[in-house]
Amino acid sequence: MAGRALKTGVRRDQRLWPVLMLLLLAVIVPTACVLWFMTEAMRNERLAVRQRLKEVYHGQLVALEQRVREFWREKLEALAAVDLQRSAPEIFAGLVNEKVADGVVVFDASGQPAYPSRLPPRPAILPPDSADWRHARELEFERADYAAAAGAYARIAGESSGVDSVALARQAQIRCLVKAGDSQTGITVLTDELMVDEFRRATNAKGRFIVPDVQGLALQVIRDAQDAQFRLIAESLRSRLSDYRDPALPAGQRRFLMALLQSLSPDELIFPTLEAERLTARYVDAEVPAPGNTTLLPCGLPDVWHLAAPTGRIAAIFTRETVVNDIRMLTASQGLPADVTVEVVPPGAPPSRASALESLPVGGSLAGWRLMLHVEDARFLDTAADRQIAVYLWTGLLAVVVVAILTLLIAGSLRGQMKLARLKNDLVATVSHELKTPLASMRLLVDSLLDDEKADEPQVREYLQLIARENTRLSHLIDNFLTFSRMQRGRQVFRIAETRPAEIVTMAVDALGDKFSSPACRLDVEIAPDLPMINADADAIVTVILNLLDNAHKYTEDPKCIALRAYPKNGSICFEVQDNGMGLSPRNAKRVFDRFFQVDDRLSRAGGGCGLGLSIVQFVVNAHGGSISVDSELGRGSTFVVQIPVASSLS
Ligand code: ADP
């Protein structure tokens, strides 16, 4: 039987594996597919969100580019609309004050810079060289007699007739008065004599205007911005420096005096054109070749760009900062979301960040420049995608859970089906196998009797006894099968009635017949007195005891010493069958109640067993609300105890 059981086990495994594999595949394949779809969907969703945003922002960026182009077209129009009949300094001041450009160079008809000019405003003239001048200079520079020198210069001024000469002499007089420590007189000379309209055009030999220079000197001497004379002179100088009309100061002198005035009175005096003057001076000093067209190009100075007015007579100069800020200003009015920034990248320059959401080249005057749109917080993109992804995730998860649950249900149902099929197979195999032996024995005995015509009576009797024994064994087997079958179908009916335990024991012992009557077998029956009644199907419990006694007999070598006891314990009646047989290992003791379980099938078969007896016993006992246990030791014997609740405690 062990061999058969093993073979059956192999068959079961072989049958089970493909099913398990299929079930596993049924879970793994859809799960893997769902996961794959999910990852793809998630990636696509992120890309789609990016794409959608790109499209939205592309439109905005195109609109911004048009505004930038328009903005620069207006600049060019302003440059083209300049009235070239006006003086170069006026053109400069006009364009700078209207913020058309950061710096401006105005060229004359011959292409030379007219403002700021590298040349003095008029051809240089020789300084005055009369005897009086020489004497006065000697007093000032050689003798350092400043008071005398001041007097000498004052006389020259009084006697000279030309505006330039008078102004020069007054300048020298004031200089000497300051050196002589009489600044106050010098300032009075300035305010009374020089600061009059007559000397507005007076210049020195280098073409510098005399009055503003003297005013600058006076302010440096006074230094007190609160002083009334300081304020008077400063205001006069400020208006002169801001005035680009004819006669215009040379750019160098204007720049110098503007810076001086601003440093002496930084809070009050602001020259909006000073930065433009400085930038243009740097540009002119660097002798930058004039720009060729109306496209903004680098001029060679760091971060300084220039373009030509459509007339070709003006070079407009721009710092990168201004270009960028202007575009930023246009961007601000574009109404882009707060976490979106537009970077302005000049031609050839690398963008500050590696990846931009969208990028667009600017046309027109800013050809080669690029607008790059960055999303400050990249998580914003993800958040938009995450919402959709969460939907995918939950759907995927639901699909996986549903597949898993369905698979579990199918697996459970399959297991049940297979168990049933296995049970049927086992039953058919066991039944046919177990029936074969007694039938074969009986047939052999009957054949022997038929063949032996001269058989004497004792021999015939012996044969008939043997046939009767096989018959009993057969009936016992068939009884067990029928009971088992009824158990399985739930058709086993018990006729429960109040029964005396002693009666059950007596019935069982009577049913044994002479089975235990051999000399090598002893059966001790002990029934405790006054046992309470139990609610039981007497026949079923008798079958239980018979099964246990039958096993004790089968699995015990001669001399057998078997005891059957009935006694009360904890509200139950215990029916105990003890033997001194082969016993059971702890592992087997746990399995003896399993269907078809046999420790050694050869032994069982010899005694007419098929591994169903104890499972039937357990079924009957459980149906009575009782329990069965076994206490066994290998080689020393076993004790099976059945507990059935007494009638009063069974409600
Ligand atoms: P079987 O018809 O084979 O006796 P059972 O269900 O009655 O089937 O018993 C199951 C197995 O338990 C037996 O095959 C045997 O190996 C073991 N077994 C049962 N009773 C005893 C016992 N008293 N002593 C030793 N082994 C036993």
# chains A, B, ... in the order shown; residues from 1 in each chain; ligands from 1
>>> residues_near_ligand(ligand="ligand 1", cutoff="6 Å", atoms="only C-alpha atoms and all ligand atoms", output="number ranges by chain")
A: 551-552, 555, 581-584, 592, 597-600, 604, 609-615, 638
>>> residues_around(residues="A:Pro127", least_positions_apart="6", cutoff="10 Å", atoms="only C-alpha atoms", output="VMD selection string")
chain A and resid 133 165 168 204 to 206
>>> residues_around(residues="A:Thr39", least_positions_apart="5", cutoff="12 Å", atoms="only C-alpha atoms", output="PDB file with all heavy atoms, in the first residue's frame")
ATOM      1  N   ALA A  32       1.837  41.393 -14.783  1.00  0.00           N
ATOM      2  CA  ALA A  32       2.982  41.993 -15.468  1.00  0.00           C
ATOM      3  C   ALA A  32       2.482  42.943 -16.562  1.00  0.00           C
ATOM      4  O   ALA A  32       3.007  44.042 -16.716  1.00  0.00           O
ATOM      5  CB  ALA A  32       3.859  40.904 -16.071  1.00  0.00           C
ATOM      6  N   CYS A  33       1.450  42.491 -17.295  1.00  0.00           N
ATOM      7  CA  CYS A  33       0.913  43.344 -18.370  1.00  0.00           C
ATOM      8  C   CYS A  33       0.369  44.641 -17.800  1.00  0.00           C
ATOM      9  O   CYS A  33       0.656  45.725 -18.297  1.00  0.00           O
ATOM     10  CB  CYS A  33      -0.211  42.619 -19.115  1.00  0.00           C
ATOM     11  SG  CYS A  33       0.413  41.344 -20.181  1.00  0.00           S
ATOM     12  N   VAL A  34      -0.420  44.492 -16.716  1.00  0.00           N
ATOM     13  CA  VAL A  34      -1.018  45.691 -16.115  1.00  0.00           C
ATOM     14  C   VAL A  34       0.079  46.646 -15.647  1.00  0.00           C
ATOM     15  O   VAL A  34       0.027  47.854 -15.887  1.00  0.00           O
ATOM     16  CB  VAL A  34      -1.944  45.296 -14.944  1.00  0.00           C
ATOM     17  CG1 VAL A  34      -2.308  46.505 -14.101  1.00  0.00           C
ATOM     18  CG2 VAL A  34      -3.209  44.647 -15.475  1.00  0.00           C
ATOM     19  N   ASN A  44       3.873  58.185 -20.487  1.00  0.00           N
ATOM     20  CA  ASN A  44       3.187  58.924 -21.542  1.00  0.00           C
ATOM     21  C   ASN A  44       2.433  60.110 -20.976  1.00  0.00           C
ATOM     22  O   ASN A  44       2.365  61.160 -21.594  1.00  0.00           O
ATOM     23  CB  ASN A  44       2.206  58.013 -22.283  1.00  0.00           C
ATOM     24  CG  ASN A  44       2.964  57.058 -23.167  1.00  0.00           C
ATOM     25  OD1 ASN A  44       4.148  57.272 -23.418  1.00  0.00           O
ATOM     26  ND2 ASN A  44       2.326  56.002 -23.609  1.00  0.00           N
ATOM     27  N   GLU A  45       1.862  59.898 -19.779  1.00  0.00           N
ATOM     28  CA  GLU A  45       1.091  60.976 -19.173  1.00  0.00           C
ATOM     29  C   GLU A  45       1.999  62.167 -18.884  1.00  0.00           C
ATOM     30  O   GLU A  45       1.636  63.309 -19.140  1.00  0.00           O
ATOM     31  CB  GLU A  45       0.427  60.481 -17.881  1.00  0.00           C
ATOM     32  CG  GLU A  45      -0.597  61.436 -17.317  1.00  0.00           C
ATOM     33  CD  GLU A  45      -1.670  61.823 -18.306  1.00  0.00           C
ATOM     34  OE1 GLU A  45      -2.087  60.956 -19.094  1.00  0.00           O
ATOM     35  OE2 GLU A  45      -2.062  63.001 -18.333  1.00  0.00           O
ATOM     36  N   ARG A  46       3.208  61.853 -18.331  1.00  0.00           N
ATOM     37  CA  ARG A  46       4.145  62.945 -18.039  1.00  0.00           C
ATOM     38  C   ARG A  46       4.505  63.685 -19.333  1.00  0.00           C
ATOM     39  O   ARG A  46       4.537  64.914 -19.378  1.00  0.00           O
ATOM     40  CB  ARG A  46       5.418  62.391 -17.397  1.00  0.00           C
ATOM     41  CG  ARG A  46       5.192  62.023 -15.947  1.00  0.00           C
ATOM     42  CD  ARG A  46       6.492  61.719 -15.232  1.00  0.00           C
ATOM     43  NE  ARG A  46       6.316  60.807 -14.125  1.00  0.00           N
ATOM     44  CZ  ARG A  46       5.762  61.116 -12.967  1.00  0.00           C
ATOM     45  NH1 ARG A  46       5.331  62.312 -12.746  1.00  0.00           N
ATOM     46  NH2 ARG A  46       5.631  60.208 -12.021  1.00  0.00           N
ATOM     47  N   ILE A 389      -2.061  59.911 -13.257  1.00  0.00           N
ATOM     48  CA  ILE A 389      -1.337  58.668 -12.978  1.00  0.00           C
ATOM     49  C   ILE A 389      -2.003  57.922 -11.826  1.00  0.00           C
ATOM     50  O   ILE A 389      -2.115  56.698 -11.846  1.00  0.00           O
ATOM     51  CB  ILE A 389       0.140  58.987 -12.664  1.00  0.00           C
ATOM     52  CG1 ILE A 389       0.836  59.384 -13.972  1.00  0.00           C
ATOM     53  CG2 ILE A 389       0.844  57.806 -12.023  1.00  0.00           C
ATOM     54  CD1 ILE A 389       2.188  59.974 -13.793  1.00  0.00           C
ATOM     55  N   ALA A 390      -2.461  58.689 -10.821  1.00  0.00           N
ATOM     56  CA  ALA A 390      -3.118  58.051  -9.671  1.00  0.00           C
ATOM     57  C   ALA A 390      -4.339  57.266 -10.146  1.00  0.00           C
ATOM     58  O   ALA A 390      -4.593  56.149  -9.676  1.00  0.00           O
ATOM     59  CB  ALA A 390      -3.527  59.109  -8.660  1.00  0.00           C
ATOM     60  N   TYR A 392      -4.710  55.883 -13.124  1.00  0.00           N
ATOM     61  CA  TYR A 392      -4.182  54.665 -13.758  1.00  0.00           C
ATOM     62  C   TYR A 392      -3.782  53.643 -12.700  1.00  0.00           C
ATOM     63  O   TYR A 392      -4.037  52.458 -12.806  1.00  0.00           O
ATOM     64  CB  TYR A 392      -2.946  54.985 -14.610  1.00  0.00           C
ATOM     65  CG  TYR A 392      -3.237  55.802 -15.847  1.00  0.00           C
ATOM     66  CD1 TYR A 392      -2.306  56.707 -16.326  1.00  0.00           C
ATOM     67  CD2 TYR A 392      -4.433  55.664 -16.532  1.00  0.00           C
ATOM     68  CE1 TYR A 392      -2.552  57.461 -17.460  1.00  0.00           C
ATOM     69  CE2 TYR A 392      -4.698  56.412 -17.652  1.00  0.00           C
ATOM     70  CZ  TYR A 392      -3.758  57.313 -18.113  1.00  0.00           C
ATOM     71  OH  TYR A 392      -4.011  58.054 -19.222  1.00  0.00           O
ATOM     72  N   LEU A 393      -3.100  54.178 -11.669  1.00  0.00           N
ATOM     73  CA  LEU A 393      -2.549  53.300 -10.639  1.00  0.00           C
ATOM     74  C   LEU A 393      -3.658  52.526  -9.936  1.00  0.00           C
ATOM     75  O   LEU A 393      -3.574  51.314  -9.753  1.00  0.00           O
ATOM     76  CB  LEU A 393      -1.792  54.167  -9.639  1.00  0.00           C
ATOM     77  CG  LEU A 393      -0.522  53.555  -9.090  1.00  0.00           C
ATOM     78  CD1 LEU A 393       0.535  53.549 -10.171  1.00  0.00           C
ATOM     79  CD2 LEU A 393      -0.030  54.340  -7.896  1.00  0.00           C
ATOM     80  N   GLY A 396      -5.207  50.017 -12.279  1.00  0.00           N
ATOM     81  CA  GLY A 396      -4.306  48.877 -12.420  1.00  0.00           C
ATOM     82  C   GLY A 396      -4.347  47.987 -11.193  1.00  0.00           C
ATOM     83  O   GLY A 396      -4.448  46.756 -11.286  1.00  0.00           O
TER      84      GLY A 396
END
>>> residues_around(residues="stretch 304-310 of chain A", least_positions_apart="6", cutoff="10 Å", atoms="only C-alpha atoms", output="ChimeraX atom specification")
/A:75-82,101-106,279,283,288,290-298,316-323,365
>>> atom_distance(atom1="atom CA of A:Phe92", atom2="atom CA of A:Gly363")
26.9 Å
>>> residues_around(residues="A:Glu140", least_positions_apart="3", cutoff="12 Å", atoms="only C-alpha atoms", output="ChimeraX atom specification")
/A:133-137,143-153,172-180
>>> residues_around(residues="A:Glu633", least_positions_apart="3", cutoff="12 Å", atoms="only C-alpha atoms", output="list in words")
Gln578, Asp579, Asn580, Gly581, Met582, Gly583, Leu584, Ser585, Pro586, Arg587, Asn588, Ala589, Val630, Arg636, Gly637, Ser638, Thr639 and Phe640 of chain A
>>> select_by_dssp(residues="stretch 361-507 of chain A", states="helix (DSSP H, G or I)", output="ChimeraX atom specification")
/A:364-366,379-451,457-489,501-507
>>> closest_atom_pairs(of="stretch 65-150 of chain A", to="stretch 328-349 of chain A", cutoff="9 Å", atoms="only C-alpha atoms", output="JSON lines")
{"residue": "A:Arg67", "atom": "CA", "partner": "A:Leu330", "partner_atom": "CA", "distance": 7.3}
{"residue": "A:Val68", "atom": "CA", "partner": "A:Leu330", "partner_atom": "CA", "distance": 7.2}
{"residue": "A:Phe71", "atom": "CA", "partner": "A:Leu330", "partner_atom": "CA", "distance": 8.9}
>>> write_last_selection(atoms="N, CA and C atoms", output="PDB file, in the first residue's frame")
ATOM      1  N   ARG A  67       5.738  90.833 -29.611  1.00  0.00           N
ATOM      2  CA  ARG A  67       5.789  92.099 -28.868  1.00  0.00           C
ATOM      3  C   ARG A  67       7.215  92.626 -28.817  1.00  0.00           C
ATOM      4  N   VAL A  68       8.175  91.698 -28.609  1.00  0.00           N
ATOM      5  CA  VAL A  68       9.588  92.100 -28.549  1.00  0.00           C
ATOM      6  C   VAL A  68       9.994  92.697 -29.896  1.00  0.00           C
ATOM      7  N   PHE A  71       8.464  96.004 -30.296  1.00  0.00           N
ATOM      8  CA  PHE A  71       9.154  96.947 -29.423  1.00  0.00           C
ATOM      9  C   PHE A  71      10.415  97.469 -30.111  1.00  0.00           C
TER      10      PHE A  71
END
>>> closest_residue(among="A:Thr499, A:Asn471, A:Trp369, A:Pro250", to="A:Ala440", atoms="only C-alpha atoms")
A:Asn471
